[in-house]
Amino acid sequence: MPLLDVRELVVRYGTVTAVDQVSFSLRAGETLALDGPSGCGKSSTAMAVLQLRRPDAGEVRFEGRELTVLTERDLRPIRPRMQPVFQDPYGSLSPRHRIRDAVAEPLKVQGRWTADGPAKVAELLDRVGLDPSHGARYPHELSGGQCQRVGIARALASEPRLLVLDEPVSALDPSVRAGVLNLLAELQDELGLGYLFICHDRAVVRNFAHRVIEMRDGRVISG
Amino acid sequence: MRPTAAGVTRALCLVAVLAAVGLLPWLSGNDPALTVLRARSPEQEPTKEALDAVRQDLGLDAGPLSLLGSWASGLVRGDLGTSWVSGTEVLPSVVTGLQVSLGLMGAAFGVAVVLACALVAPVLVRGRGSAGAGAAMLAAVPEFLLATVALLVCGVWLGWLPTSGWAGPEYMVLPALALGVPAGGLLGRLVADALPGVLDERWVELWRGAGVSRRIVAGAALKRVLPPLVPQFGMVAVGLTGGAVAVETVFAVPGIGRTALGAAKSQDLPLLQGAVLALLALGLVTGAAAALLRRRLLGPALREAGLQLPPARPVRTQPAIPLTLFTVLAVAIGWGLSRDPYAVNTAARLTAPSWAHPLGTDGLGRDVLARLGHGAAPTVGTAAAVCLLSLLVGLALGFLPGVAAGASDIANALPPVIVGILVAAAAGPGTGGAALAVALISWPPPAAHAAALVQEVRASAFLTAQRAIGATPWWILTRHVLPSVAAPVARHALLRLPGMALALASLGFLGLGARPPAPEWGLLLDESRAYVERAPWAALAPAAALALLAGLAVSGAAYAQGRRVSRTRKEVSDAVGRVAVGA
């Protein structure tokens with residue numbers, strides 16, 4: 001059984017069809033890249049898979065469960081198992097909260113915050129290659145690459161099976177990119193995560209993804 | 001065009017205001033009967049029978065709906081009813097009052113345009129800079145204060161011009177100045193603040209490089225600046241209708257504003273309804289005229305988005321100015337608080353400032369400094385309560401931007417004085433009524449600010465991440481949205497506190513707020529007018545205190561704006577930097 005199975009997904013904004021009949025599937029431990037020029041519907045697909053923007057038609061089957069028919073309330077316990085990592089490393093963290101609070105928040109929201117919570121947060125920060133002492137800092141005190149690692153740590157805190165990586169290295173300095181990509185590859189080997197990897201950098205896609213789907217004007221053109 | 005939430009709310013609010021005016025006799029309960037009985041036959045005992053007869057005569061017994069119906073149908077026929085006090089038709093009094101007021105407002109508008117040109121000219125000639133603090137200060141001085149000072153200086157001390165009545169053109173000079181200068185300050189500031197941004201635009205550089213004369217560049221820049229500002233000019237017209245009430249009262253000009261105020265005080269509700277309606281119509285017609293002018297200037301093809309002004313450059317703020325003003329006020333208030341504001345000493349009436357009475361005494365021999373100090377506490381306390389209320393309403397409406405926009409259009413079109421008159425007519429004058437009046441119209445700026453912040457936070461990626469980890473809407477609201485919105489909006493509301501205190505003082509000055517012998521600042525200024533020739537210091541002290549408050553209001557507001565602008569600027573440049581690094 002595939003981890004994620006998407007059938008004939010459609011997303012419309014008013015009269016514009018951003019995603020038109022897109023289908024693909026993804027197994028655990030596999031990286032599927034969505035490639036294409038900006039505006040082709042890659043990010044809309046990602047948001048619709050995560051049910052952060054409800055699709056207008058089609059099916060999204062995750063771990064065997066059909067998500068599009070679920071209410072927001074029924075969806076809430078499933079959401080932690082599929083986590084996004086965003087393009088803008090600073091924008092994806094609240095500027096008002098310390099790093100350790102950002103990483104601890106999923107545990108608190110999901111009712112898993114216990115006495116060893118702080119130790120768990122330190123462990124997560126260590127896992128993504130950050131010094132646990134960084135936990136006391138605010139996002140603006142960190143570099144873009146460090147913030148992106150915090151974003152990954154926050155995603156891991158939810159103990160996901162699927163990560164939707166929306167251009168996770170596009171806003172980073174080329175020298176930092178390799179580090180973040182290596183971290184993602186290690187995590188996949190170790191935890192068997194499925195990655196839906198959205199990217200428009202051919203070189204990165206070729207090295208990082210197991211399979212590639214190419215999109216243009218909302219449609220899949222190859223893959 | 002499809003009706004928008006803002007449009008529907010706007011229409012609803014307008015209907016609500018009209019209905020409130022029409023329902024005034026019902027809203028005020030039955031107590032006008034006593035007032036009217038007193039006015040008609042002072043010797044008659046206010047027995048139950050006599051009061052009932054008056055009530056029946058005035059139609060106060062009828063239910064609210066039939067009252068509203070008969071008022072509205074009379075309105076359609078052009079019948080505004082008859083005055084309860086004088087028994088004459090309302091319409092002729094309203095028309096004569098309106099003629100006088102239109103003359104005064106026309107003259108004031110002339111003053112405003114001349115002053116605005118004087119403020120804008122240096123910016124145009126130099127091609128940069130701004131009208132800055134001077135214009136902002138002129139715009140912040142309330143009309144009642146300016147009118148009192150003008151009366152004191154030009155009329156009483158120098159004896160140049162007549163100070164009361166309406167018998168010839170020379171009677172128009174002082175009222176027109178008092179009414180026109182704040183309006184001119186506002187007009188000049190609007191244009192002068194927008195000009196530097198326009199003069200920084202590329203085309204100006206190109207034209208200058210091509211040898212186009214400065215005069216033509218200046219003309220083109222003005223043409224570029226004016227259309228987007230025209231709707232705001234409508235606000236100036238609204239300000240004129242509110243200011244007219246105060247100015248006409250000070251100079252005893254028999255205009256529509258003074259008619260409205262007098263009718264409110266004597267609870268002559270039909271006359272009040274007519275006068276308020278005329279003032280509202282004046283504001284709305286000018287607003288509509290402004291909108292038409294804008295269409296004419298732009299042509300129908302250009303939509304709003306097509307011609308936006310570049311953002312105003314951040315004001316360089318000097319915290320020293322508001323801090324100094326605040327310190328001076330605080331010291332005077334603290335000193336005054338240690339003295340007794342109610343001790344009457346008839347032997348020491350209207351004495352000049354001395355060591356025993358640093359600011360002199362008033363007509364009852366009470367210490368002016370003490371009254372100033374004790375007046376501050378209730379004024380600031382009430383203003384703080386109003387401020388909190390406007391903050392809460394603003395935060396709540398910030399989540400409903402469509403509703404907020406429509407309602408704030410109407411709230412912006414109502415000057416505090418007119419709302420104060422309506423509230424006082426319905427509930428009787430008092431501190432509570434004045435506070436309610438100011439609260440009713442002071443929420444739009446915090447609401448607009450909150451709406452912008454809510455939109456910004458909701459669009460951010462970290463909020464999407466919250467939904468992705470399975471956070472409930474309540475968690476997102478209380479942990480993320482409210483904390484990022486509440487603090488800046490609270491700061492904004494707090495910086496508006498001096499402005500609210502000024503609005504309260506102007507209501508007190510007109511006899512619509514605190515009642516004597518309360519030492520409220522506006523009331524102090526009003527009381528001192530009676531003996532201004534013998535004891536000018538008694539008027540100067542509250543006038544100076546109010547002027548300091550106006551200074552605090554404008555410098556504080558500029559500080560808030562400056563901070564906000566510079567912060568968004570920084571964020572934008574950071575984002576640009578990040579993108580550049582990522583590319």
# chains A, B, ... in the order shown; residues from 1 in each chain; ligands from 1
>>> interface_residues(of="chain A", to="chain B", cutoff="6 Å", atoms="only C-alpha atoms", output="list in words")
Arg76, Arg79, Pro80, Gly91, Ser92, Leu93, Ser94, Pro106, Val109, Ala171, Leu172 and Asp173 of chain A
>>> write_last_selection(atoms="C-alpha atoms", output="PDB file, in the first residue's frame")
ATOM      1  CA  ARG A  76      -6.858  17.213  13.258  1.00  0.00           C
ATOM      2  CA  ARG A  79      -2.494  16.164  10.474  1.00  0.00           C
ATOM      3  CA  PRO A  80       0.625  15.556  12.643  1.00  0.00           C
ATOM      4  CA  GLY A  91       8.499  33.339   7.791  1.00  0.00           C
ATOM      5  CA  SER A  92       7.685  29.791   8.899  1.00  0.00           C
ATOM      6  CA  LEU A  93       8.661  30.569  12.510  1.00  0.00           C
ATOM      7  CA  SER A  94       6.820  33.009  14.737  1.00  0.00           C
ATOM      8  CA  PRO A 106       3.557  20.377  18.421  1.00  0.00           C
ATOM      9  CA  VAL A 109      -0.812  20.957  20.868  1.00  0.00           C
ATOM     10  CA  ALA A 171      15.945  30.505  -0.167  1.00  0.00           C
ATOM     11  CA  LEU A 172      19.251  29.222   1.210  1.00  0.00           C
ATOM     12  CA  ASP A 173      22.815  30.077   0.364  1.00  0.00           C
TER      13      ASP A 173
END
>>> residues_around(residues="region 16-32 of chain A", least_positions_apart="5", cutoff="10 Å", atoms="only C-alpha atoms", output="VMD selection string")
chain A and resid 1 to 11 39 to 45 48 55 to 63 161 to 164 185 187 to 198 205 208 to 213 215 to 221 223
>>> write_last_selection(atoms="C-alpha atoms", output="PDB file, in the first residue's frame")
ATOM      1  CA  MET A   1       0.000   0.000   0.000  1.00  0.00           C
ATOM      2  CA  PRO A   2       1.430   3.391  -0.937  1.00  0.00           C
ATOM      3  CA  LEU A   3       1.908   5.987   1.840  1.00  0.00           C
ATOM      4  CA  LEU A   4       0.217   8.631  -0.242  1.00  0.00           C
ATOM      5  CA  ASP A   5      -2.080   8.142  -3.216  1.00  0.00           C
ATOM      6  CA  VAL A   6      -3.372  11.213  -5.084  1.00  0.00           C
ATOM      7  CA  ARG A   7      -6.042  10.759  -7.772  1.00  0.00           C
ATOM      8  CA  GLU A   8      -7.222  13.434 -10.237  1.00  0.00           C
ATOM      9  CA  LEU A   9      -6.622  16.320  -7.864  1.00  0.00           C
ATOM     10  CA  VAL A  10      -8.192  19.665  -8.886  1.00  0.00           C
ATOM     11  CA  VAL A  11      -7.602  23.063  -7.221  1.00  0.00           C
ATOM     12  CA  GLY A  39       3.107  29.189 -11.270  1.00  0.00           C
ATOM     13  CA  CYS A  40       2.663  25.646 -12.620  1.00  0.00           C
ATOM     14  CA  GLY A  41       0.663  24.499  -9.570  1.00  0.00           C
ATOM     15  CA  LYS A  42       3.395  22.705  -7.568  1.00  0.00           C
ATOM     16  CA  SER A  43       2.742  24.555  -4.306  1.00  0.00           C
ATOM     17  CA  SER A  44      -1.030  24.381  -4.782  1.00  0.00           C
ATOM     18  CA  THR A  45      -0.679  20.612  -5.108  1.00  0.00           C
ATOM     19  CA  ALA A  48      -4.049  20.417  -1.276  1.00  0.00           C
ATOM     20  CA  PRO A  55      -9.041  20.548  -3.085  1.00  0.00           C
ATOM     21  CA  ASP A  56     -12.057  21.205  -5.312  1.00  0.00           C
ATOM     22  CA  ALA A  57     -12.129  17.626  -6.651  1.00  0.00           C
ATOM     23  CA  GLY A  58     -10.134  14.416  -6.564  1.00  0.00           C
ATOM     24  CA  GLU A  59      -8.900  12.036  -3.878  1.00  0.00           C
ATOM     25  CA  VAL A  60      -6.049  12.226  -1.404  1.00  0.00           C
ATOM     26  CA  ARG A  61      -5.496   8.854   0.283  1.00  0.00           C
ATOM     27  CA  PHE A  62      -2.943   8.937   3.110  1.00  0.00           C
ATOM     28  CA  GLU A  63      -2.010   5.699   4.936  1.00  0.00           C
ATOM     29  CA  ARG A 161       5.386   9.634   8.149  1.00  0.00           C
ATOM     30  CA  LEU A 162       5.312  12.111   5.252  1.00  0.00           C
ATOM     31  CA  LEU A 163       7.152  15.406   4.819  1.00  0.00           C
ATOM     32  CA  VAL A 164       5.946  17.854   2.171  1.00  0.00           C
ATOM     33  CA  ALA A 185      18.537  12.245   3.267  1.00  0.00           C
ATOM     34  CA  LEU A 187      16.472  11.392   8.257  1.00  0.00           C
ATOM     35  CA  GLN A 188      14.796   9.482   5.442  1.00  0.00           C
ATOM     36  CA  ASP A 189      17.198   6.554   5.752  1.00  0.00           C
ATOM     37  CA  GLU A 190      16.790   6.460   9.490  1.00  0.00           C
ATOM     38  CA  LEU A 191      13.041   7.005   9.868  1.00  0.00           C
ATOM     39  CA  GLY A 192      11.718   5.730   6.552  1.00  0.00           C
ATOM     40  CA  LEU A 193       9.924   8.999   5.802  1.00  0.00           C
ATOM     41  CA  GLY A 194       8.185   9.656   2.502  1.00  0.00           C
ATOM     42  CA  TYR A 195       9.126  12.979   0.896  1.00  0.00           C
ATOM     43  CA  LEU A 196       7.017  14.994  -1.518  1.00  0.00           C
ATOM     44  CA  PHE A 197       9.755  17.311  -2.675  1.00  0.00           C
ATOM     45  CA  ILE A 198       8.834  20.473  -4.538  1.00  0.00           C
ATOM     46  CA  VAL A 205      16.097  17.247  -8.161  1.00  0.00           C
ATOM     47  CA  PHE A 208      17.974  14.048  -4.371  1.00  0.00           C
ATOM     48  CA  ALA A 209      14.774  12.496  -5.748  1.00  0.00           C
ATOM     49  CA  HIS A 210      14.020   8.858  -6.585  1.00  0.00           C
ATOM     50  CA  ARG A 211      11.341   9.850  -9.078  1.00  0.00           C
ATOM     51  CA  VAL A 212      10.387  13.111 -10.781  1.00  0.00           C
ATOM     52  CA  ILE A 213       7.027  14.392 -11.980  1.00  0.00           C
ATOM     53  CA  MET A 215       4.198  19.866 -14.139  1.00  0.00           C
ATOM     54  CA  ARG A 216       3.192  22.683 -16.440  1.00  0.00           C
ATOM     55  CA  ASP A 217       0.060  24.891 -16.291  1.00  0.00           C
ATOM     56  CA  GLY A 218      -1.471  22.718 -13.600  1.00  0.00           C
ATOM     57  CA  ARG A 219      -1.045  19.419 -15.469  1.00  0.00           C
ATOM     58  CA  VAL A 220       1.428  16.565 -15.213  1.00  0.00           C
ATOM     59  CA  ILE A 221       3.402  16.438 -18.458  1.00  0.00           C
ATOM     60  CA  GLY A 223       6.682  11.129 -14.974  1.00  0.00           C
TER      61      GLY A 223
END
>>> select_by_dssp(residues="region 58-100 of chain A", states="helix (DSSP H, G or I)", output="PyMOL selection string")
chain A and resi 72-75+79-81+99-100
>>> residues_around(residues="His97 (chain A)", least_positions_apart="5", cutoff="8 Å", atoms="only C-alpha atoms", output="ChimeraX atom specification")
/A:102,138-139
>>> write_last_selection(atoms="C-alpha atoms", output="PDB file, in the first residue's frame")
ATOM      1  CA  ALA A 102       8.496  26.552  18.400  1.00  0.00           C
ATOM      2  CA  TYR A 138      14.738  33.932  18.602  1.00  0.00           C
ATOM      3  CA  PRO A 139      14.462  33.198  14.860  1.00  0.00           C
TER       4      PRO A 139
END
>>> atom_distance(atom1="CA of His140 (chain A)", atom2="CA of Gln83 (chain A)")
22.9 Å
>>> atom_distance(atom1="CA of Ala192 (chain B)", atom2="CA of Val141 (chain B)")
18.4 Å
>>> closest_residue(among="A:Asp88, A:Glu72, A:Asp201, A:Asp101", to="Leu50 (chain A)", atoms="only C-alpha atoms")
A:Glu72
>>> select_by_dssp(residues="chain A", states="strand (DSSP E or B)", output="short mmCIF file (atom, residue, chain, number, x, y, z; two decimals) with N, CA and C atoms, in the first residue's frame")
data_model
loop_
_atom_site.label_atom_id
_atom_site.label_comp_id
_atom_site.auth_asym_id
_atom_site.auth_seq_id
_atom_site.Cartn_x
_atom_site.Cartn_y
_atom_site.Cartn_z
N LEU A 4 1.09 7.55 0.23
CA LEU A 4 0.22 8.63 -0.24
C LEU A 4 -0.25 8.30 -1.65
N ASP A 5 -1.56 8.42 -1.89
CA ASP A 5 -2.08 8.14 -3.22
C ASP A 5 -3.00 9.30 -3.62
N VAL A 6 -2.60 10.04 -4.65
CA VAL A 6 -3.37 11.21 -5.08
C VAL A 6 -4.00 10.89 -6.44
N ARG A 7 -5.33 11.09 -6.53
CA ARG A 7 -6.04 10.76 -7.77
C ARG A 7 -6.82 11.97 -8.28
N GLU A 8 -6.45 12.41 -9.51
CA GLU A 8 -7.22 13.43 -10.24
C GLU A 8 -7.54 14.65 -9.38
N LEU A 9 -6.49 15.17 -8.76
CA LEU A 9 -6.62 16.32 -7.86
C LEU A 9 -6.89 17.60 -8.67
N VAL A 10 -7.87 18.40 -8.22
CA VAL A 10 -8.19 19.67 -8.89
C VAL A 10 -8.25 20.77 -7.83
N VAL A 11 -7.54 21.88 -8.10
CA VAL A 11 -7.60 23.06 -7.22
C VAL A 11 -7.89 24.27 -8.10
N ARG A 12 -8.94 25.00 -7.73
CA ARG A 12 -9.28 26.20 -8.51
C ARG A 12 -9.20 27.43 -7.62
N TYR A 13 -8.74 28.54 -8.20
CA TYR A 13 -8.84 29.84 -7.54
C TYR A 13 -9.77 30.67 -8.40
N VAL A 16 -9.64 30.35 -12.28
CA VAL A 16 -8.36 29.78 -12.70
C VAL A 16 -8.21 28.40 -12.10
N THR A 17 -7.86 27.42 -12.95
CA THR A 17 -7.60 26.07 -12.46
C THR A 17 -6.11 25.93 -12.26
N ALA A 18 -5.68 25.91 -10.98
CA ALA A 18 -4.25 25.89 -10.68
C ALA A 18 -3.71 24.47 -10.77
N VAL A 19 -4.52 23.49 -10.36
CA VAL A 19 -4.11 22.08 -10.42
C VAL A 19 -5.20 21.34 -11.16
N ASP A 20 -4.81 20.65 -12.24
CA ASP A 20 -5.82 20.08 -13.13
C ASP A 20 -5.58 18.57 -13.26
N GLN A 21 -6.39 17.75 -12.57
CA GLN A 21 -6.37 16.29 -12.73
C GLN A 21 -4.98 15.72 -12.48
N VAL A 22 -4.37 16.06 -11.37
CA VAL A 22 -3.03 15.56 -11.07
C VAL A 22 -3.14 14.27 -10.26
N SER A 23 -2.41 13.23 -10.69
CA SER A 23 -2.41 11.95 -9.96
C SER A 23 -0.97 11.49 -9.77
N PHE A 24 -0.68 10.95 -8.59
CA PHE A 24 0.62 10.31 -8.35
C PHE A 24 0.51 9.52 -7.05
N SER A 25 1.51 8.67 -6.80
CA SER A 25 1.52 7.98 -5.51
C SER A 25 2.95 7.91 -5.01
N LEU A 26 3.10 7.67 -3.72
CA LEU A 26 4.39 7.79 -3.05
C LEU A 26 4.46 6.72 -1.99
N THR A 31 11.40 9.43 -2.23
CA THR A 31 11.32 10.85 -2.50
C THR A 31 10.77 11.06 -3.90
N LEU A 32 9.62 11.75 -3.96
CA LEU A 32 9.03 12.08 -5.25
C LEU A 32 9.16 13.58 -5.44
N ALA A 33 9.79 13.99 -6.53
CA ALA A 33 9.96 15.41 -6.77
C ALA A 33 8.88 15.91 -7.71
N LEU A 34 8.31 17.10 -7.39
CA LEU A 34 7.42 17.80 -8.31
C LEU A 34 8.24 18.93 -8.90
N ASP A 35 8.42 18.90 -10.19
CA ASP A 35 9.29 19.88 -10.84
C ASP A 35 8.47 20.69 -11.84
N ALA A 57 -11.69 18.96 -6.21
CA ALA A 57 -12.13 17.63 -6.65
C ALA A 57 -10.94 16.69 -6.54
N GLY A 58 -11.20 15.39 -6.62
CA GLY A 58 -10.13 14.42 -6.56
C GLY A 58 -10.02 13.76 -5.20
N GLU A 59 -9.08 12.79 -5.11
CA GLU A 59 -8.90 12.04 -3.88
C GLU A 59 -7.49 12.20 -3.36
N VAL A 60 -7.36 12.26 -2.05
CA VAL A 60 -6.05 12.23 -1.40
C VAL A 60 -6.12 11.13 -0.35
N ARG A 61 -5.46 9.99 -0.63
CA ARG A 61 -5.50 8.85 0.28
C ARG A 61 -4.16 8.78 1.00
N PHE A 62 -4.17 8.93 2.33
CA PHE A 62 -2.94 8.94 3.11
C PHE A 62 -3.02 7.80 4.12
N ARG A 65 -6.27 6.18 4.25
CA ARG A 65 -7.51 6.90 4.59
C ARG A 65 -7.77 8.04 3.63
N GLU A 66 -9.01 8.16 3.19
CA GLU A 66 -9.39 9.23 2.27
C GLU A 66 -9.57 10.50 3.09
N MET A 82 1.53 14.14 8.67
CA MET A 82 2.04 14.70 7.41
C MET A 82 2.41 16.17 7.66
N GLN A 83 3.70 16.46 7.59
CA GLN A 83 4.16 17.79 8.00
C GLN A 83 4.79 18.57 6.85
N PRO A 84 4.54 19.88 6.79
CA PRO A 84 5.17 20.70 5.75
C PRO A 84 6.50 21.30 6.24
N VAL A 85 7.39 21.55 5.28
CA VAL A 85 8.55 22.41 5.54
C VAL A 85 8.51 23.47 4.45
N LEU A 162 5.13 11.45 6.54
CA LEU A 162 5.31 12.11 5.25
C LEU A 162 5.75 13.56 5.50
N LEU A 163 6.79 13.99 4.79
CA LEU A 163 7.15 15.41 4.82
C LEU A 163 6.87 16.00 3.44
N VAL A 164 6.16 17.14 3.42
CA VAL A 164 5.95 17.85 2.17
C VAL A 164 6.92 19.02 2.18
N LEU A 165 7.95 18.91 1.37
CA LEU A 165 9.04 19.89 1.38
C LEU A 165 8.80 20.88 0.24
N ASP A 166 8.33 22.09 0.57
CA ASP A 166 7.98 23.07 -0.45
C ASP A 166 9.18 23.98 -0.67
N GLY A 194 8.44 9.36 3.90
CA GLY A 194 8.18 9.66 2.50
C GLY A 194 8.32 11.17 2.30
N TYR A 195 8.96 11.55 1.18
CA TYR A 195 9.13 12.98 0.90
C TYR A 195 8.39 13.35 -0.39
N LEU A 196 7.51 14.35 -0.31
CA LEU A 196 7.02 14.99 -1.52
C LEU A 196 7.83 16.27 -1.64
N PHE A 197 8.71 16.29 -2.62
CA PHE A 197 9.76 17.31 -2.67
C PHE A 197 9.48 18.26 -3.84
N ILE A 198 9.18 19.51 -3.50
CA ILE A 198 8.83 20.47 -4.54
C ILE A 198 10.03 21.35 -4.81
N ARG A 211 12.16 9.71 -7.88
CA ARG A 211 11.34 9.85 -9.08
C ARG A 211 11.00 11.31 -9.27
N VAL A 212 10.72 11.71 -10.50
CA VAL A 212 10.39 13.11 -10.78
C VAL A 212 9.09 13.18 -11.57
N ILE A 213 8.22 14.09 -11.18
CA ILE A 213 7.03 14.39 -11.98
C ILE A 213 7.18 15.82 -12.46
N GLU A 214 6.94 16.03 -13.74
CA GLU A 214 7.07 17.38 -14.24
C GLU A 214 5.69 17.99 -14.46
N MET A 215 5.50 19.21 -14.00
CA MET A 215 4.20 19.87 -14.14
C MET A 215 4.33 21.11 -14.99
N ARG A 216 3.24 21.42 -15.72
CA ARG A 216 3.19 22.68 -16.44
C ARG A 216 1.73 23.10 -16.54
N ARG A 219 -0.92 20.81 -15.05
CA ARG A 219 -1.04 19.42 -15.47
C ARG A 219 0.29 18.70 -15.33
N VAL A 220 0.22 17.38 -15.20
CA VAL A 220 1.43 16.57 -15.21
C VAL A 220 1.80 16.33 -16.67
N ILE A 221 3.04 16.65 -17.06
CA ILE A 221 3.40 16.44 -18.46
C ILE A 221 4.34 15.25 -18.63
N SER A 222 4.98 14.82 -17.53
CA SER A 222 5.80 13.61 -17.65
C SER A 222 6.04 13.05 -16.26
#
>>> residues_around(residues="Asp526 (chain B)", least_positions_apart="5", cutoff="9 Å", atoms="only C-alpha atoms", output="list in words")
Thr148, Gly508, Phe509, Leu510, Gly511, Trp521 and Ala539 of chain B
>>> atom_distance(atom1="CA of Ala330 (chain B)", atom2="CA of Pro519 (chain B)")
16.5 Å
>>> closest_residue(among="B:Leu68, B:Ala108, B:Ala218, B:Leu364", to="Pro182 (chain B)", atoms="only C-alpha atoms")
B:Ala108
>>> residues_around(residues="Arg100 (chain A)", least_positions_apart="4", cutoff="8 Å", atoms="only C-alpha atoms", output="list in words")
Ala104, Val121, Ala122, His134, Gly135 and Ala136 of chain A
>>> residues_around(residues="region 153-163 of chain B", least_positions_apart="3", cutoff="6 Å", atoms="only C-alpha atoms", output="PyMOL selection string")
chain B and resi 150+171+251
